[in-house]
Amino acid sequence: MNEAARVPRGVFLADHIKTLRNDPRARLKIARQHQPLPGAFREAAIALRALIREARKAGEDDAALLSDLYLTGARDSFLHSTPHIPGYGVGYNVVETIPREVWESLEMPYPKIGYTELRLLNKTDQKWLVDAWGEPR
């Protein structure tokens with residue numbers, strides 16, 4: 001495994017990932033490895049924004065990256081929008097019990113979900129989504 005893609009023992013994820021500011025691919029890889037941690041979704045979105053900007057600057061297709069950014073925001077919202085679940089406790093404790101392959105396989109259709117309630121997506125992300133896919137229903 002690439003050393004940049006590994007968080008050193010005893011180092012906080014957020015501190016290590018910030019050292020990869022100039023390497024969005026490594027930053028994204030580490031963020032993906034540490035999901036469903038809420039901060040890992042945020043870091044993935046930061047890395048994806050950088051990769052989208054790189055692709056646009058190079059005149060490359062950014063459709064897959066944009067789709068990944070949307071899914072990151074939708075999954076974060078699904079997994080982390082409820083801080084407490086009555087009868088179960090802290091929302092994140094429940095999230096940890098959901099197998100990754102389950103939450104990764106859930107459909108997150110843009111036309112139905114949209115972007116307005118996805119707290120991870122900023123104004124620029126929203127503009128990119130509307131430009132690419134139009135306004136959701």
# chains A, B, ... in the order shown; residues from 1 in each chain; ligands from 1

$ residues_around --residues "Arg27 in chain A" --least-positions-apart "5" --cutoff "7 Å" --atoms "only C-alpha atoms" --output "ChimeraX atom specification"
/A:17,20,47

$ write_last_selection --atoms "N, CA, C and O atoms" --output "PDB file, in the first residue's frame"
ATOM      1  N   ILE A  17      -4.700  13.621   6.946  1.00  0.00           N
ATOM      2  CA  ILE A  17      -5.290  13.881   5.634  1.00  0.00           C
ATOM      3  C   ILE A  17      -4.980  15.301   5.151  1.00  0.00           C
ATOM      4  O   ILE A  17      -4.843  15.545   3.964  1.00  0.00           O
ATOM      5  N   LEU A  20      -2.038  15.860   2.941  1.00  0.00           N
ATOM      6  CA  LEU A  20      -2.191  15.433   1.549  1.00  0.00           C
ATOM      7  C   LEU A  20      -2.946  16.467   0.713  1.00  0.00           C
ATOM      8  O   LEU A  20      -3.497  16.135  -0.324  1.00  0.00           O
ATOM      9  N   ALA A  47     -11.543  16.298  -1.697  1.00  0.00           N
ATOM     10  CA  ALA A  47     -10.661  15.700  -2.711  1.00  0.00           C
ATOM     11  C   ALA A  47     -11.349  15.643  -4.068  1.00  0.00           C
ATOM     12  O   ALA A  47     -10.730  15.944  -5.100  1.00  0.00           O
TER      13      ALA A  47
END

$ residues_around --residues "Ala14 in chain A" --least-positions-apart "6" --cutoff "9 Å" --atoms "only C-alpha atoms" --output "mmCIF file with C-alpha atoms, in the first residue's frame"
data_model
loop_
_atom_site.group_PDB
_atom_site.id
_atom_site.type_symbol
_atom_site.label_atom_id
_atom_site.label_comp_id
_atom_site.auth_asym_id
_atom_site.auth_seq_id
_atom_site.Cartn_x
_atom_site.Cartn_y
_atom_site.Cartn_z
ATOM 1 C CA GLY A 39 -15.159 13.466 8.587
ATOM 2 C CA ALA A 40 -14.157 10.941 5.936
ATOM 3 C CA GLU A 43 -12.578 14.872 3.168
#

$ select_by_dssp --residues "chain A" --states "alpha helix (DSSP H)" --output "VMD selection string"
chain A and resid 13 to 18 24 to 33 38 to 57 63 to 80 91 to 95 100 to 105 110 to 113 123 to 133

$ write_last_selection --atoms "C-alpha atoms" --output "PDB file, in the first residue's frame"
ATOM      1  CA  LEU A  13      -7.139  11.027  10.578  1.00  0.00           C
ATOM      2  CA  ALA A  14      -7.961  14.726  10.107  1.00  0.00           C
ATOM      3  CA  ASP A  15      -4.362  15.763  10.862  1.00  0.00           C
ATOM      4  CA  HIS A  16      -2.866  13.234   8.450  1.00  0.00           C
ATOM      5  CA  ILE A  17      -5.290  13.881   5.634  1.00  0.00           C
ATOM      6  CA  LYS A  18      -4.481  17.603   5.710  1.00  0.00           C
ATOM      7  CA  PRO A  24      -6.279  14.695  -3.934  1.00  0.00           C
ATOM      8  CA  ARG A  25      -6.097  11.086  -5.158  1.00  0.00           C
ATOM      9  CA  ALA A  26      -4.319   9.925  -1.979  1.00  0.00           C
ATOM     10  CA  ARG A  27      -6.649  12.088   0.106  1.00  0.00           C
ATOM     11  CA  LEU A  28      -9.675  10.480  -1.541  1.00  0.00           C
ATOM     12  CA  LYS A  29      -8.268   6.986  -1.077  1.00  0.00           C
ATOM     13  CA  ILE A  30      -7.747   7.505   2.662  1.00  0.00           C
ATOM     14  CA  ALA A  31     -11.132   9.166   3.048  1.00  0.00           C
ATOM     15  CA  ARG A  32     -12.848   6.220   1.340  1.00  0.00           C
ATOM     16  CA  GLN A  33     -11.009   3.750   3.584  1.00  0.00           C
ATOM     17  CA  PRO A  38     -18.465  11.658   9.095  1.00  0.00           C
ATOM     18  CA  GLY A  39     -15.159  13.466   8.587  1.00  0.00           C
ATOM     19  CA  ALA A  40     -14.157  10.941   5.936  1.00  0.00           C
ATOM     20  CA  PHE A  41     -17.139  11.939   3.787  1.00  0.00           C
ATOM     21  CA  ARG A  42     -16.179  15.616   4.135  1.00  0.00           C
ATOM     22  CA  GLU A  43     -12.578  14.872   3.168  1.00  0.00           C
ATOM     23  CA  ALA A  44     -13.726  12.798   0.185  1.00  0.00           C
ATOM     24  CA  ALA A  45     -15.820  15.737  -1.017  1.00  0.00           C
ATOM     25  CA  ILE A  46     -12.836  18.089  -0.696  1.00  0.00           C
ATOM     26  CA  ALA A  47     -10.661  15.700  -2.711  1.00  0.00           C
ATOM     27  CA  LEU A  48     -13.348  15.196  -5.359  1.00  0.00           C
ATOM     28  CA  ARG A  49     -13.756  18.956  -5.796  1.00  0.00           C
ATOM     29  CA  ALA A  50     -10.013  19.253  -6.421  1.00  0.00           C
ATOM     30  CA  LEU A  51     -10.126  16.398  -8.936  1.00  0.00           C
ATOM     31  CA  ILE A  52     -13.102  17.955 -10.729  1.00  0.00           C
ATOM     32  CA  ARG A  53     -11.240  21.262 -10.988  1.00  0.00           C
ATOM     33  CA  GLU A  54      -8.166  19.429 -12.347  1.00  0.00           C
ATOM     34  CA  ALA A  55     -10.272  17.603 -14.936  1.00  0.00           C
ATOM     35  CA  ARG A  56     -11.997  20.782 -16.047  1.00  0.00           C
ATOM     36  CA  LYS A  57      -8.716  22.661 -16.297  1.00  0.00           C
ATOM     37  CA  ALA A  63     -18.931  13.243 -15.238  1.00  0.00           C
ATOM     38  CA  ALA A  64     -17.778  10.266 -13.139  1.00  0.00           C
ATOM     39  CA  LEU A  65     -16.180  12.553 -10.564  1.00  0.00           C
ATOM     40  CA  LEU A  66     -19.301  14.711 -10.377  1.00  0.00           C
ATOM     41  CA  SER A  67     -21.436  11.610  -9.893  1.00  0.00           C
ATOM     42  CA  ASP A  68     -19.055  10.462  -7.145  1.00  0.00           C
ATOM     43  CA  LEU A  69     -19.313  13.867  -5.443  1.00  0.00           C
ATOM     44  CA  TYR A  70     -23.117  13.691  -5.518  1.00  0.00           C
ATOM     45  CA  LEU A  71     -23.142  10.141  -4.133  1.00  0.00           C
ATOM     46  CA  THR A  72     -20.728  11.170  -1.394  1.00  0.00           C
ATOM     47  CA  GLY A  73     -23.084  13.955  -0.336  1.00  0.00           C
ATOM     48  CA  ALA A  74     -26.182  11.752  -0.545  1.00  0.00           C
ATOM     49  CA  ARG A  75     -24.595   8.899   1.401  1.00  0.00           C
ATOM     50  CA  ASP A  76     -23.304  11.280   4.054  1.00  0.00           C
ATOM     51  CA  SER A  77     -26.799  12.698   4.443  1.00  0.00           C
ATOM     52  CA  PHE A  78     -28.385   9.249   4.642  1.00  0.00           C
ATOM     53  CA  LEU A  79     -25.893   7.983   7.204  1.00  0.00           C
ATOM     54  CA  HIS A  80     -25.387  11.065   9.368  1.00  0.00           C
ATOM     55  CA  GLY A  91     -27.082   7.743  15.178  1.00  0.00           C
ATOM     56  CA  TYR A  92     -23.460   7.009  14.324  1.00  0.00           C
ATOM     57  CA  ASN A  93     -23.484   3.925  16.546  1.00  0.00           C
ATOM     58  CA  VAL A  94     -26.292   2.580  14.372  1.00  0.00           C
ATOM     59  CA  VAL A  95     -24.436   3.534  11.179  1.00  0.00           C
ATOM     60  CA  ARG A 100     -20.556  -0.986   3.813  1.00  0.00           C
ATOM     61  CA  GLU A 101     -21.848  -2.980   0.848  1.00  0.00           C
ATOM     62  CA  VAL A 102     -25.407  -2.233   1.971  1.00  0.00           C
ATOM     63  CA  TRP A 103     -25.138   1.570   2.190  1.00  0.00           C
ATOM     64  CA  GLU A 104     -22.945   1.722  -0.910  1.00  0.00           C
ATOM     65  CA  SER A 105     -25.554  -0.197  -2.928  1.00  0.00           C
ATOM     66  CA  TYR A 110     -30.584  12.790  -8.144  1.00  0.00           C
ATOM     67  CA  PRO A 111     -33.989  13.588  -9.703  1.00  0.00           C
ATOM     68  CA  LYS A 112     -35.767  12.458  -6.522  1.00  0.00           C
ATOM     69  CA  ILE A 113     -33.276  13.439  -3.821  1.00  0.00           C
ATOM     70  CA  LYS A 123     -23.022  26.239  -3.741  1.00  0.00           C
ATOM     71  CA  THR A 124     -20.387  25.432  -6.351  1.00  0.00           C
ATOM     72  CA  ASP A 125     -21.197  21.712  -6.173  1.00  0.00           C
ATOM     73  CA  GLN A 126     -24.872  22.511  -6.567  1.00  0.00           C
ATOM     74  CA  LYS A 127     -24.167  24.681  -9.622  1.00  0.00           C
ATOM     75  CA  TRP A 128     -22.078  21.909 -11.184  1.00  0.00           C
ATOM     76  CA  LEU A 129     -24.894  19.399 -10.608  1.00  0.00           C
ATOM     77  CA  VAL A 130     -27.565  21.664 -12.089  1.00  0.00           C
ATOM     78  CA  ASP A 131     -25.347  22.464 -15.090  1.00  0.00           C
ATOM     79  CA  ALA A 132     -24.756  18.757 -15.704  1.00  0.00           C
ATOM     80  CA  TRP A 133     -28.121  17.218 -14.807  1.00  0.00           C
TER      81      TRP A 133
END

$ atom_distance --atom1 "CA of Gly87 in chain A" --atom2 "CA of Glu107 in chain A"
26.4 Å

$ closest_residue --among "A:Val7, A:Asp61, A:Pro36, A:Arg21" --to "Thr97 in chain A" --atoms "only C-alpha atoms"
A:Pro36

$ atom_distance --atom1 "CA of Leu120 in chain A" --atom2 "CA of Leu37 in chain A"
13.5 Å

$ select_by_dssp --residues "chain A" --states "strand (DSSP E or B)" --output "PDB file with C-alpha atoms, in the first residue's frame"
ATOM      1  CA  HIS A  84     -30.088  10.225  17.807  1.00  0.00           C
ATOM      2  CA  ILE A  85     -32.370   7.335  16.995  1.00  0.00           C
ATOM      3  CA  GLY A  89     -29.037   5.661  20.714  1.00  0.00           C
ATOM      4  CA  VAL A  90     -26.496   7.807  18.912  1.00  0.00           C
TER       5      VAL A  90
END

$ atom_distance --atom1 "CA of Leu118 in chain A" --atom2 "CA of Arg137 in chain A"
14.9 Å

$ closest_residue --among "A:Gly114, A:Gly59, A:Pro99, A:Asp23" --to "Gln35 in chain A" --atoms "only C-alpha atoms"
A:Pro99

$ decode --residues "range 25-50 of chain A" --atoms "C-alpha atoms" --output "JSON list (two decimals), in the first residue's frame"
[["chain", "number", "residue", "atom", "x", "y", "z"],
["A", 25, "ARG", "CA", -6.10, 11.09, -5.16],
["A", 26, "ALA", "CA", -4.32, 9.92, -1.98],
["A", 27, "ARG", "CA", -6.65, 12.09, 0.11],
["A", 28, "LEU", "CA", -9.67, 10.48, -1.54],
["A", 29, "LYS", "CA", -8.27, 6.99, -1.08],
["A", 30, "ILE", "CA", -7.75, 7.50, 2.66],
["A", 31, "ALA", "CA", -11.13, 9.17, 3.05],
["A", 32, "ARG", "CA", -12.85, 6.22, 1.34],
["A", 33, "GLN", "CA", -11.01, 3.75, 3.58],
["A", 34, "HIS", "CA", -12.28, 5.53, 6.69],
["A", 35, "GLN", "CA", -15.93, 5.86, 5.74],
["A", 36, "PRO", "CA", -18.48, 5.82, 7.36],
["A", 37, "LEU", "CA", -16.74, 8.29, 9.67],
["A", 38, "PRO", "CA", -18.46, 11.66, 9.10],
["A", 39, "GLY", "CA", -15.16, 13.47, 8.59],
["A", 40, "ALA", "CA", -14.16, 10.94, 5.94],
["A", 41, "PHE", "CA", -17.14, 11.94, 3.79],
["A", 42, "ARG", "CA", -16.18, 15.62, 4.13],
["A", 43, "GLU", "CA", -12.58, 14.87, 3.17],
["A", 44, "ALA", "CA", -13.73, 12.80, 0.19],
["A", 45, "ALA", "CA", -15.82, 15.74, -1.02],
["A", 46, "ILE", "CA", -12.84, 18.09, -0.70],
["A", 47, "ALA", "CA", -10.66, 15.70, -2.71],
["A", 48, "LEU", "CA", -13.35, 15.20, -5.36],
["A", 49, "ARG", "CA", -13.76, 18.96, -5.80],
["A", 50, "ALA", "CA", -10.01, 19.25, -6.42]]
